[in-house]
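Notes follow the structure.
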Amino acid sequence: MTAPGFDPVERVFAADAVGRPVRLRGWVLRSRSSGGILFLVLRDRTGTVQVTGKKDVLGSAAFDAVEHVQVEGAVAVEGTVAVDPRAPGGREVRAAAFSVIDAGLPFPIFADQTEEFRLDKRHLAIRSQEHVATFRVKAELLRAFREFLDSESVLEMTPPILSGNAAEGGAEAFRFDYFGRPAYLSQTAQLYLEALLFPNERVYALTPSFRAEKSRTPRHLTEYLHLEAELAWCDLEGLLDFIERMVVHVAHALAARRAPELTALGRPPAELAALTSPFPRISYADALDRLAGQGFPVRWGSDLGTAEERALTLEERSPIFVTRFPREVKAFYMLPTAGDPRTVEAADLLAPEGYGEIVGASCRDTDAERLSRRLTEAGADPREYDWYLDLRRHGSVPHAGFGLGVERVLRWMLRREHIRETTPFPRTPSRHTP
Ligand code: 4AD
Ligand code: MG
């Protein structure tokens, strides 16, 4: 059965398929046999279908061969589509001939194994229906982000991953030897996107970012996919408006295009379809008042941690922006608020239902001297950032940008307990294999 002309599994469920011949190939999800009849569920990229085969039709040699195919073994089958109310989807394929492509060894993954074991076998575990659904939604999410950015005339850029600067603070950067000089894995593409903003005005990048944080939490990865954009002539209001329209666009796109997967994963599509902009906005100062009332006292000047973000969003159904943070908790490049130098023109977008921060956003400071001072205060050497400060010396204009954690968004939208479920090969402090 190497000839061309195989049908996708979904063909079995087409309106005119009953009584027609089909040729399928794929992987065995499960199988059993009794009384000379074989029941096998076959999976391909388009779906799953029950296939039955009778010993007296197939011949005993072929029947025995298929009977010994393991879970996740690969087979091809020729047969006829029949109605069977007992089969999932109400149809099955009655096999006339089988061929075994790879019978496979016994599949090592089954129910009730530990999470650690499944992570060790991640290269095989990702065949589960749950993972297949998750990564289909992820692919659609990336498509929807790009679609939105394209419709807003924001140009995709390809910034480097290896860099001589640790942009978000050296302590959390992976450092390595670059031919005898120190180098870092990118924590953010922001500084490069700012450089690319001047010739292009509106730019974005979708690249991996790396954080050497030993945070073992359900929302931290050491490698994650970072969607970042920089927009010229943009203030904080304009930026937050852009971000919320983007989040609503992708939520609606997933609800419309991946409803079966969302449902299977426990997120009713209607909940994503119901998201609307604008999102509620509260200042950091108001957030502190609200938190104090909820029994989470936070001192002015301290960052909001996981517990505080959770408390702020647990009862929310929409993401919320927290704005105007104290400058000491935020990065050196954020623009001080006009009339209130204690705060910066920055906002975090917190996902509802307790999921917490998914986007960090701010207006960028355009004052080279102040940037240089703040780099020094942050313990960095301004000379290493001279190329960045140059951007403020040649046609500097007001601009703003954001970074969004793709897996954080997915964790919220798919209601996953742990962020590692949103990426096929999660990198965490305790694991970088397989
Ligand atoms: O808030 P962060 O650190 O901001 C920046 O890196 C900015 N330079 C981005 C920019 O403005 N271009 O990171 C941005 C987002 C966070 O809101 C969060 O969603 C995600 O990146 N993120 C992580 N996601 C998974 N695992 C981690 N360890 C993450 N750290 C940040
Ligand atoms: Mg942040």
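We name chains A, B, ... following the order of the structure tokens; residues begin at 1 in each chain, and ligands are numbered from 1 as shown.
Based on only C-alpha atoms and all ligand atoms, the protein and nucleic acid residues found within 10 Å of ligand 2 are, by chain and then by number, Glu168, Asp303, Leu304, Val329, Lys330, Ala331, Ala346, Ala347, Asp348, Leu349, Glu357, Ile358, Val359, Gly360, Ala361, Phe402, Gly403, Leu404 and Gly405 of chain A.
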Inset, instruction - Could the residues that lie within 9 Å of ligand 1, counting only C-alpha atoms and all ligand atoms, be listed as a PyMOL selection string? - result: chain A and resi 167-168+187-191+193+209-213+215+219-230+330-331+333+348-350+356-364+400-409+419+428
So that each row is one residue of region 5-67 of chain A with an atom at most 10 Å from region 129-136 of chain A, can you give its shortest atom pair and the distance in Å to one decimal, using only C-alpha atoms, rows by chain and rising number, as CSV?
```
residue,atom,partner,partner_atom,distance
A:Leu29,CA,A:Gln129,CA,9.6
A:Arg43,CA,A:Gln129,CA,9.8
A:Arg45,CA,A:Val132,CA,8.9
A:Gly47,CA,A:Gln129,CA,9.8
```
Inset, instruction - May I ask for the distance between CA of Thr306 (chain A) and CA of Thr376 (chain A), given in Å to one decimal place? - result: 28.5 Å
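One finds CA of Leu414 (chain A) at 11.8 Å from CA of Glu353 (chain A).
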Inset, instruction - Please identify which residues in region 67-310 of chain A DSSP calls strand (DSSP E) from the backbone, and express them as a PyMOL selection string. - result: chain A and resi 74-83+91-102+155-156+162-163+175-178+181-185+202-210+223-232+281-283
Inset, instruction - Write out as a ChimeraX atom specification each polymer residue whose atoms come within 10 Å of region 95-111 of chain A, counting only C-alpha atoms; drop sequence neighbours fewer than 2 positions from it. - result: /A:1-2,21-28,38,51-54,57-59,62-63,65-81,92-93,113-114,117-118,121-122,124-125,128
Legend entry - Spatial neighbours of Ile320 (chain A), max dist 8 Å, only C-alpha atoms, sep filter under 5 positions, as a PyMOL selection string: chain A and resi 279-282+313+349-352
Inset, instruction - List every residue of region 281-356 of chain A that DSSP, applied to the backbone of this structure, assigns to helix (DSSP H, G or I), and report them as a PyMOL selection string. - result: chain A and resi 284-293+306-313+327-329
Closest pair table for region 129-156 of chain A residues within 7 Å of region 249-263 of chain A, only C-alpha atoms, as CSV:
```
residue,atom,partner,partner_atom,distance
A:Ala133,CA,A:Glu261,CA,5.2
A:Val137,CA,A:Arg258,CA,6.4
A:Glu140,CA,A:Leu254,CA,6.8
A:Leu141,CA,A:Val250,CA,6.3
A:Ala144,CA,A:Val250,CA,5.3
A:Phe145,CA,A:Val250,CA,6.2
```
Would you save the residues of that selection, restricted to N, CA, C and O atoms, as a PDB file, in the first residue's frame?
```pdb
ATOM      1  N   ALA A 133      -4.483  18.816  20.888  1.00  0.00           N
ATOM      2  CA  ALA A 133      -5.438  19.938  20.923  1.00  0.00           C
ATOM      3  C   ALA A 133      -4.737  21.225  21.354  1.00  0.00           C
ATOM      4  O   ALA A 133      -4.929  22.293  20.760  1.00  0.00           O
ATOM      5  N   VAL A 137      -4.276  24.746  19.113  1.00  0.00           N
ATOM      6  CA  VAL A 137      -4.730  26.068  19.562  1.00  0.00           C
ATOM      7  C   VAL A 137      -3.556  27.047  19.555  1.00  0.00           C
ATOM      8  O   VAL A 137      -3.695  28.194  19.129  1.00  0.00           O
ATOM      9  N   GLU A 140      -2.875  28.291  16.141  1.00  0.00           N
ATOM     10  CA  GLU A 140      -3.921  29.241  15.740  1.00  0.00           C
ATOM     11  C   GLU A 140      -3.722  30.582  16.442  1.00  0.00           C
ATOM     12  O   GLU A 140      -3.955  31.651  15.850  1.00  0.00           O
ATOM     13  N   LEU A 141      -3.297  30.525  17.700  1.00  0.00           N
ATOM     14  CA  LEU A 141      -3.037  31.758  18.449  1.00  0.00           C
ATOM     15  C   LEU A 141      -1.925  32.565  17.766  1.00  0.00           C
ATOM     16  O   LEU A 141      -2.052  33.781  17.582  1.00  0.00           O
ATOM     17  N   ALA A 144      -3.246  34.131  14.702  1.00  0.00           N
ATOM     18  CA  ALA A 144      -4.155  35.247  14.986  1.00  0.00           C
ATOM     19  C   ALA A 144      -3.383  36.501  15.416  1.00  0.00           C
ATOM     20  O   ALA A 144      -3.743  37.619  15.046  1.00  0.00           O
ATOM     21  N   PHE A 145      -2.309  36.307  16.194  1.00  0.00           N
ATOM     22  CA  PHE A 145      -1.479  37.465  16.561  1.00  0.00           C
ATOM     23  C   PHE A 145      -0.900  38.114  15.310  1.00  0.00           C
ATOM     24  O   PHE A 145      -0.958  39.328  15.125  1.00  0.00           O
TER      25      PHE A 145
END
```
